[in-house]
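Reviewing the structure listed below.
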Amino acid sequence: MNMCGSIRKFILWLVVFQLFFPLQLLAEGVGKVIDVRGEVALKRASGTAKPQVNDPVFVKDTLRAGEKSRAKLLLVNNTQVSVGSGSSLEITEFLVKDGKESGALSLTSGAVHTKILKALTPEARFEVRTPNAVAGARGTEWLSVVTAGTGAVPPKSDFYTFEEKISVVNPEFPDKGVVVKAGEYTEVVKGFPPTAPVAFSVAAILGVLAELGVSAPGAAGGANSAAGQAGSTEGAGAAAGMGAGTMVGIAAGAALLIGGVIAATGSGGGGAGVGLTTTHRNPNPYPVR
């Protein structure tokens with residue numbers, strides 16, 4: 001009798017466990033590695049190893065990429081995550097159940113490019129968390145960069161939106177969040193709310209994108225139109241925009257200053273001129289509280 005009771009309890013436990021922790025999810029994880037370059041370590045409770053393409057990843061896994069190294073993940077909700085050189089990223093939360101999705105990645109250093117390939121439902125939540133900020137979206141593409149503080153300069157997090165929009169907030173100032181639209185970026189310095197979103201130049205972040213192995217994206221309707229990205233690469237595009245090769249056209253008409261704020265017009269080959277605002281670094285990075 002006691003044995004029968006124990007068997008029934010065990011079966012009931014298995015049913016409950018399966019409801020909350022599907023066996024397929026346990027076997028396959030919440031995504032997989034689709035690219036590895038250089039020295040990359042995958043740390044989990046069972047130990048640390050170098051990941052291989054098609055290896056599964058699980059909640060609480062941490063990816064660490066060394067210098068001149070990178071890795072790319074594809075999560076089960078069709079989100080691509082690219083981890084750059086010198087970065088550390090944890091899969092903090094992830095759940096797909098009953099049509100509802102929620103996920104959170106924690107970036108403690110370096111850079112991560114996030115591209116949600118399908119629009120999430122209104123109830124869904126997907127975030128990239130840094131030591132002093134949270135960026136959330138339902139369906140978009142953006143870049144998150146964490147810069148460690150040195151001396152009197154506090155650490156900060158920068159967020160660049162390439163498609164649609166994201167919301168950014170410093171948890172210390174929950175009522176002072178901002179919405180960052182395509183072609184804009186915001187900077188969050190430790191101890192301050194996010195700066196007002198402003199336009200950025202793709203040229204200013206090309207180095208970061210190269211380390212991530214991510215092509216310079218377009219931001220339709222923003223400062224970096226996809227048409228301009230394609231046309232300006234060879235300096236002969238027919239559409240206006242800002243891309244990796246735009247400096248060819250800019251040099252013919254005006255000067256480009258990375259890290260400053262300049263409005264310039266020029267001609268990219270036979271293309272139309274475009275007003276350019278370069279704002280990779282906010283002229284006032286430490287806003288008044």
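Residue numbering restarts at 1 for every chain of the structure tokens, chains are lettered A, B, ... in their displayed order, and ligands are numbered from 1 as they appear.
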- Message: Excluding Ser144 of chain A and its own-chain neighbours fewer than 2 positions away, which residues fall within 9 Å of it when counting only C-alpha atoms? Please give them as a PyMOL selection string.
- Response: chain A and resi 107+110-114+128+130+135+142+146+157-161
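For Gly207 of chain A, the residues within 12 Å (counting only C-alpha atoms, excluding itself and residues fewer than 5 positions away along the chain) are Lys68, Gly84, Ser85, Ala111, Val202, Leu212, Gly213, Val214, Ser215, Ala216 and Ala244 of chain A.
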Residues from the last selection, N, CA and C atoms, saved as an mmCIF file, in the first residue's frame:
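Wrote it out as again.cif, contents follow:
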data_model
loop_
_atom_site.group_PDB
_atom_site.id
_atom_site.type_symbol
_atom_site.label_atom_id
_atom_site.label_comp_id
_atom_site.auth_asym_id
_atom_site.auth_seq_id
_atom_site.Cartn_x
_atom_site.Cartn_y
_atom_site.Cartn_z
ATOM 1 N N LYS A 68 39.171 40.549 -29.043
ATOM 2 C CA LYS A 68 39.063 40.148 -30.447
ATOM 3 C C LYS A 68 38.294 38.834 -30.592
ATOM 4 N N GLY A 84 29.993 40.908 -27.971
ATOM 5 C CA GLY A 84 31.234 41.427 -28.520
ATOM 6 C C GLY A 84 32.461 41.212 -27.660
ATOM 7 N N SER A 85 33.592 41.662 -28.179
ATOM 8 C CA SER A 85 34.891 41.541 -27.534
ATOM 9 C C SER A 85 34.881 42.144 -26.131
ATOM 10 N N ALA A 111 29.710 44.927 -25.024
ATOM 11 C CA ALA A 111 28.600 45.319 -25.897
ATOM 12 C C ALA A 111 27.811 44.109 -26.348
ATOM 13 N N VAL A 202 26.159 56.400 -37.486
ATOM 14 C CA VAL A 202 26.606 55.002 -37.530
ATOM 15 C C VAL A 202 28.126 54.934 -37.579
ATOM 16 N N LEU A 212 31.453 43.000 -33.053
ATOM 17 C CA LEU A 212 30.305 42.133 -32.857
ATOM 18 C C LEU A 212 30.033 41.250 -34.073
ATOM 19 N N GLY A 213 30.638 41.610 -35.200
ATOM 20 C CA GLY A 213 30.365 40.888 -36.432
ATOM 21 C C GLY A 213 28.994 41.204 -36.977
ATOM 22 N N VAL A 214 28.526 42.432 -36.723
ATOM 23 C CA VAL A 214 27.194 42.867 -37.148
ATOM 24 C C VAL A 214 27.331 43.928 -38.235
ATOM 25 N N SER A 215 26.580 43.781 -39.302
ATOM 26 C CA SER A 215 26.602 44.763 -40.385
ATOM 27 C C SER A 215 25.984 46.067 -39.909
ATOM 28 N N ALA A 216 26.506 47.175 -40.418
ATOM 29 C CA ALA A 216 25.947 48.479 -40.069
ATOM 30 C C ALA A 216 24.491 48.502 -40.509
ATOM 31 N N ALA A 244 28.502 53.519 -43.511
ATOM 32 C CA ALA A 244 29.938 53.370 -43.312
ATOM 33 C C ALA A 244 30.717 54.159 -44.344
#
List the spatial neighbours of Val33 of chain A as a short mmCIF file (atom, residue, chain, number, x, y, z; two decimals) with all heavy atoms, in the first residue's frame - criterion: any atom at most 12 Å away, only C-alpha atoms, same-chain residues fewer than 3 positions off excluded.
data_model
loop_
_atom_site.label_atom_id
_atom_site.label_comp_id
_atom_site.auth_asym_id
_atom_site.auth_seq_id
_atom_site.Cartn_x
_atom_site.Cartn_y
_atom_site.Cartn_z
N GLU A 28 16.78 21.06 -24.68
CA GLU A 28 17.26 21.94 -25.74
C GLU A 28 17.66 23.33 -25.25
O GLU A 28 18.26 24.08 -25.98
CB GLU A 28 16.18 22.07 -26.82
CG GLU A 28 15.82 20.74 -27.47
CD GLU A 28 14.75 20.88 -28.52
OE1 GLU A 28 14.30 22.02 -28.76
OE2 GLU A 28 14.36 19.86 -29.10
N GLY A 29 17.31 23.67 -24.03
CA GLY A 29 17.64 24.98 -23.52
C GLY A 29 16.73 26.06 -24.06
O GLY A 29 15.68 25.79 -24.63
N VAL A 30 17.14 27.32 -23.89
CA VAL A 30 16.33 28.46 -24.34
C VAL A 30 16.88 29.03 -25.63
O VAL A 30 16.43 30.08 -26.10
CB VAL A 30 16.27 29.55 -23.25
CG1 VAL A 30 15.60 28.99 -22.00
CG2 VAL A 30 17.66 30.09 -22.92
N VAL A 36 30.86 31.28 -33.07
CA VAL A 36 31.88 31.50 -32.04
C VAL A 36 33.18 31.88 -32.74
O VAL A 36 33.62 31.19 -33.66
CB VAL A 36 32.13 30.23 -31.19
CG1 VAL A 36 33.21 30.51 -30.14
CG2 VAL A 36 30.85 29.78 -30.51
N ARG A 37 33.78 32.97 -32.31
CA ARG A 37 35.07 33.41 -32.86
C ARG A 37 36.02 33.75 -31.71
O ARG A 37 35.66 34.51 -30.81
CB ARG A 37 34.90 34.66 -33.74
CG ARG A 37 33.85 34.52 -34.85
CD ARG A 37 34.30 33.60 -35.96
NE ARG A 37 33.26 33.42 -36.97
CZ ARG A 37 33.14 34.18 -38.05
NH1 ARG A 37 33.99 35.17 -38.26
NH2 ARG A 37 32.17 33.94 -38.92
N VAL A 40 36.08 32.37 -26.28
CA VAL A 40 34.77 32.57 -25.67
C VAL A 40 34.54 31.47 -24.64
O VAL A 40 34.83 30.29 -24.89
CB VAL A 40 33.65 32.53 -26.73
CG1 VAL A 40 32.28 32.68 -26.06
CG2 VAL A 40 33.86 33.63 -27.77
N ALA A 41 34.05 31.85 -23.47
CA ALA A 41 33.77 30.87 -22.41
C ALA A 41 32.29 30.89 -22.06
O ALA A 41 31.67 31.96 -22.00
CB ALA A 41 34.61 31.19 -21.17
N LEU A 42 31.73 29.72 -21.86
CA LEU A 42 30.35 29.59 -21.43
C LEU A 42 30.34 29.01 -20.02
O LEU A 42 30.79 27.89 -19.79
CB LEU A 42 29.58 28.66 -22.37
CG LEU A 42 28.11 28.39 -22.03
CD1 LEU A 42 27.32 29.70 -22.04
CD2 LEU A 42 27.50 27.40 -23.01
N LYS A 50 34.41 26.02 -23.49
CA LYS A 50 34.29 26.80 -24.71
C LYS A 50 33.09 26.28 -25.49
O LYS A 50 33.04 25.10 -25.83
CB LYS A 50 35.55 26.71 -25.56
CG LYS A 50 35.45 27.55 -26.83
CD LYS A 50 36.75 27.59 -27.59
CE LYS A 50 36.62 28.48 -28.83
NZ LYS A 50 37.89 28.61 -29.57
N PRO A 51 32.12 27.15 -25.80
CA PRO A 51 30.95 26.68 -26.53
C PRO A 51 31.26 26.37 -27.99
O PRO A 51 32.18 26.95 -28.57
CB PRO A 51 29.98 27.86 -26.42
CG PRO A 51 30.89 29.06 -26.30
CD PRO A 51 32.07 28.59 -25.51
N GLN A 52 30.49 25.45 -28.54
CA GLN A 52 30.59 25.10 -29.94
C GLN A 52 29.28 25.46 -30.64
O GLN A 52 28.23 25.58 -30.00
CB GLN A 52 30.86 23.60 -30.10
CG GLN A 52 32.08 23.10 -29.35
CD GLN A 52 33.38 23.71 -29.85
OE1 GLN A 52 33.55 23.91 -31.05
NE2 GLN A 52 34.30 23.99 -28.94
N VAL A 53 29.34 25.63 -31.95
CA VAL A 53 28.14 25.93 -32.72
C VAL A 53 27.11 24.82 -32.50
O VAL A 53 27.45 23.64 -32.49
CB VAL A 53 28.48 26.07 -34.22
CG1 VAL A 53 27.20 26.18 -35.06
CG2 VAL A 53 29.35 27.30 -34.45
N ASN A 54 25.88 25.24 -32.27
CA ASN A 54 24.72 24.36 -32.00
C ASN A 54 24.63 23.87 -30.56
O ASN A 54 23.69 23.15 -30.22
CB ASN A 54 24.67 23.17 -32.96
CG ASN A 54 24.34 23.57 -34.38
OD1 ASN A 54 23.55 24.48 -34.61
ND2 ASN A 54 24.95 22.91 -35.34
N ASP A 55 25.57 24.26 -29.71
CA ASP A 55 25.43 23.94 -28.29
C ASP A 55 24.22 24.69 -27.72
O ASP A 55 24.00 25.87 -28.04
CB ASP A 55 26.68 24.38 -27.50
CG ASP A 55 27.81 23.38 -27.62
OD1 ASP A 55 27.60 22.32 -28.24
OD2 ASP A 55 28.90 23.66 -27.09
N PRO A 56 23.43 24.05 -26.85
CA PRO A 56 22.29 24.75 -26.24
C PRO A 56 22.75 25.72 -25.16
O PRO A 56 23.83 25.55 -24.57
CB PRO A 56 21.48 23.60 -25.64
CG PRO A 56 22.50 22.56 -25.32
CD PRO A 56 23.53 22.65 -26.43
N VAL A 57 21.94 26.73 -24.90
CA VAL A 57 22.19 27.66 -23.79
C VAL A 57 20.97 27.65 -22.89
O VAL A 57 19.84 27.42 -23.35
CB VAL A 57 22.50 29.09 -24.28
CG1 VAL A 57 23.84 29.14 -24.97
CG2 VAL A 57 21.40 29.62 -25.20
N PHE A 58 21.20 27.90 -21.60
CA PHE A 58 20.15 27.80 -20.61
C PHE A 58 20.08 29.08 -19.78
O PHE A 58 21.02 29.88 -19.76
CB PHE A 58 20.41 26.61 -19.69
CG PHE A 58 20.49 25.29 -20.41
CD1 PHE A 58 21.69 24.86 -20.98
CD2 PHE A 58 19.39 24.46 -20.52
CE1 PHE A 58 21.78 23.65 -21.64
CE2 PHE A 58 19.46 23.25 -21.19
CZ PHE A 58 20.66 22.84 -21.75
N ASP A 61 23.06 30.85 -17.75
CA ASP A 61 24.34 30.71 -18.45
C ASP A 61 24.94 32.10 -18.65
O ASP A 61 24.23 33.08 -18.88
CB ASP A 61 24.15 30.07 -19.82
CG ASP A 61 24.04 28.55 -19.74
OD1 ASP A 61 24.10 28.01 -18.63
OD2 ASP A 61 23.88 27.92 -20.80
N LEU A 63 27.96 34.09 -20.93
CA LEU A 63 28.94 34.08 -22.02
C LEU A 63 29.96 35.17 -21.79
O LEU A 63 29.60 36.32 -21.52
CB LEU A 63 28.25 34.33 -23.37
CG LEU A 63 27.75 33.13 -24.16
CD1 LEU A 63 26.99 33.61 -25.39
CD2 LEU A 63 28.91 32.23 -24.59
N ARG A 70 34.15 36.92 -30.17
CA ARG A 70 32.72 37.21 -30.17
C ARG A 70 31.93 35.90 -30.26
O ARG A 70 32.47 34.84 -30.58
CB ARG A 70 32.34 38.12 -31.33
CG ARG A 70 32.51 37.52 -32.72
CD ARG A 70 31.96 38.47 -33.78
NE ARG A 70 31.92 37.88 -35.10
CZ ARG A 70 32.77 38.16 -36.08
NH1 ARG A 70 33.76 39.00 -35.86
NH2 ARG A 70 32.64 37.61 -37.27
N ALA A 71 30.64 36.00 -29.97
CA ALA A 71 29.74 34.85 -30.07
C ALA A 71 28.35 35.36 -30.43
O ALA A 71 28.00 36.51 -30.18
CB ALA A 71 29.70 34.09 -28.76
N LYS A 72 27.56 34.47 -31.02
CA LYS A 72 26.19 34.84 -31.40
C LYS A 72 25.26 33.72 -30.99
O LYS A 72 25.55 32.53 -31.17
CB LYS A 72 26.10 35.08 -32.91
CG LYS A 72 24.71 35.55 -33.37
CD LYS A 72 24.68 35.87 -34.86
CE LYS A 72 25.49 37.12 -35.16
NZ LYS A 72 25.33 37.54 -36.57
N LEU A 73 24.12 34.11 -30.42
CA LEU A 73 23.09 33.17 -29.98
C LEU A 73 21.81 33.38 -30.78
O LEU A 73 21.53 34.49 -31.23
CB LEU A 73 22.77 33.37 -28.50
CG LEU A 73 23.92 33.38 -27.50
CD1 LEU A 73 23.38 33.66 -26.10
CD2 LEU A 73 24.67 32.07 -27.53
N LEU A 74 21.04 32.31 -30.91
CA LEU A 74 19.69 32.40 -31.45
C LEU A 74 18.76 31.81 -30.40
O LEU A 74 18.82 30.61 -30.11
CB LEU A 74 19.56 31.64 -32.77
CG LEU A 74 18.16 31.66 -33.40
CD1 LEU A 74 17.76 33.08 -33.77
CD2 LEU A 74 18.10 30.75 -34.63
N LEU A 75 17.92 32.65 -29.80
CA LEU A 75 17.01 32.18 -28.77
C LEU A 75 15.75 31.58 -29.40
O LEU A 75 15.45 31.83 -30.57
CB LEU A 75 16.65 33.35 -27.84
CG LEU A 75 17.84 34.05 -27.17
CD1 LEU A 75 17.35 35.17 -26.26
CD2 LEU A 75 18.71 33.07 -26.41
N VAL A 76 15.02 30.82 -28.61
CA VAL A 76 13.87 30.10 -29.16
C VAL A 76 12.73 31.02 -29.59
O VAL A 76 11.84 30.60 -30.32
CB VAL A 76 13.34 29.05 -28.16
CG1 VAL A 76 14.37 27.96 -27.94
CG2 VAL A 76 12.93 29.70 -26.85
N THR A 79 15.10 35.50 -31.42
CA THR A 79 15.89 36.69 -31.14
C THR A 79 17.37 36.37 -31.31
O THR A 79 17.86 35.38 -30.77
CB THR A 79 15.64 37.20 -29.71
OG1 THR A 79 14.28 37.63 -29.59
CG2 THR A 79 16.56 38.36 -29.37
N GLN A 80 18.07 37.20 -32.09
CA GLN A 80 19.52 37.04 -32.27
C GLN A 80 20.25 37.94 -31.27
O GLN A 80 19.92 39.11 -31.13
CB GLN A 80 19.93 37.42 -33.70
CG GLN A 80 19.51 36.42 -34.75
CD GLN A 80 20.03 36.78 -36.12
OE1 GLN A 80 20.63 37.83 -36.33
NE2 GLN A 80 19.79 35.89 -37.08
N VAL A 81 21.24 37.36 -30.62
CA VAL A 81 22.02 38.09 -29.62
C VAL A 81 23.50 37.95 -29.97
O VAL A 81 24.03 36.84 -29.99
CB VAL A 81 21.76 37.55 -28.20
CG1 VAL A 81 22.60 38.31 -27.18
CG2 VAL A 81 20.27 37.64 -27.86
N SER A 82 24.17 39.06 -30.25
CA SER A 82 25.59 39.06 -30.60
C SER A 82 26.38 39.66 -29.45
O SER A 82 26.12 40.79 -29.02
CB SER A 82 25.84 39.86 -31.88
OG SER A 82 25.13 39.30 -32.97
N VAL A 83 27.34 38.89 -28.94
CA VAL A 83 28.16 39.31 -27.79
C VAL A 83 29.54 39.69 -28.30
O VAL A 83 30.20 38.90 -28.98
CB VAL A 83 28.26 38.18 -26.75
CG1 VAL A 83 29.05 38.64 -25.53
CG2 VAL A 83 26.87 37.70 -26.35
#
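Interatomic distance, atom CA of Pro193 of chain A against atom CA of Ser109 of chain A: 19.5 Å.
Comparing A:Glu90, A:Glu211, A:Ala133, A:Ser201 by their smallest distance to Gly38 of chain A, the closest is A:Glu211 (using only C-alpha atoms).
A straight line drawn from atom CA of Lys165 of chain A to atom CA of Pro131 of chain A is 21.2 Å long.
The space separating atom CA of Ala148 of chain A from atom CA of Thr108 of chain A comes to 9.2 Å.
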- Can you work out which one of A:Val145, A:Val59, A:Val208, A:Val188 has the shortest atom-to-atom distance to Glu172 of chain A, counting only C-alpha atoms? A:Val188
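Among the candidates A:Leu117, A:Leu105, A:Val169, A:Val198, the one nearest to Val134 of chain A when counting only C-alpha atoms is A:Val169.
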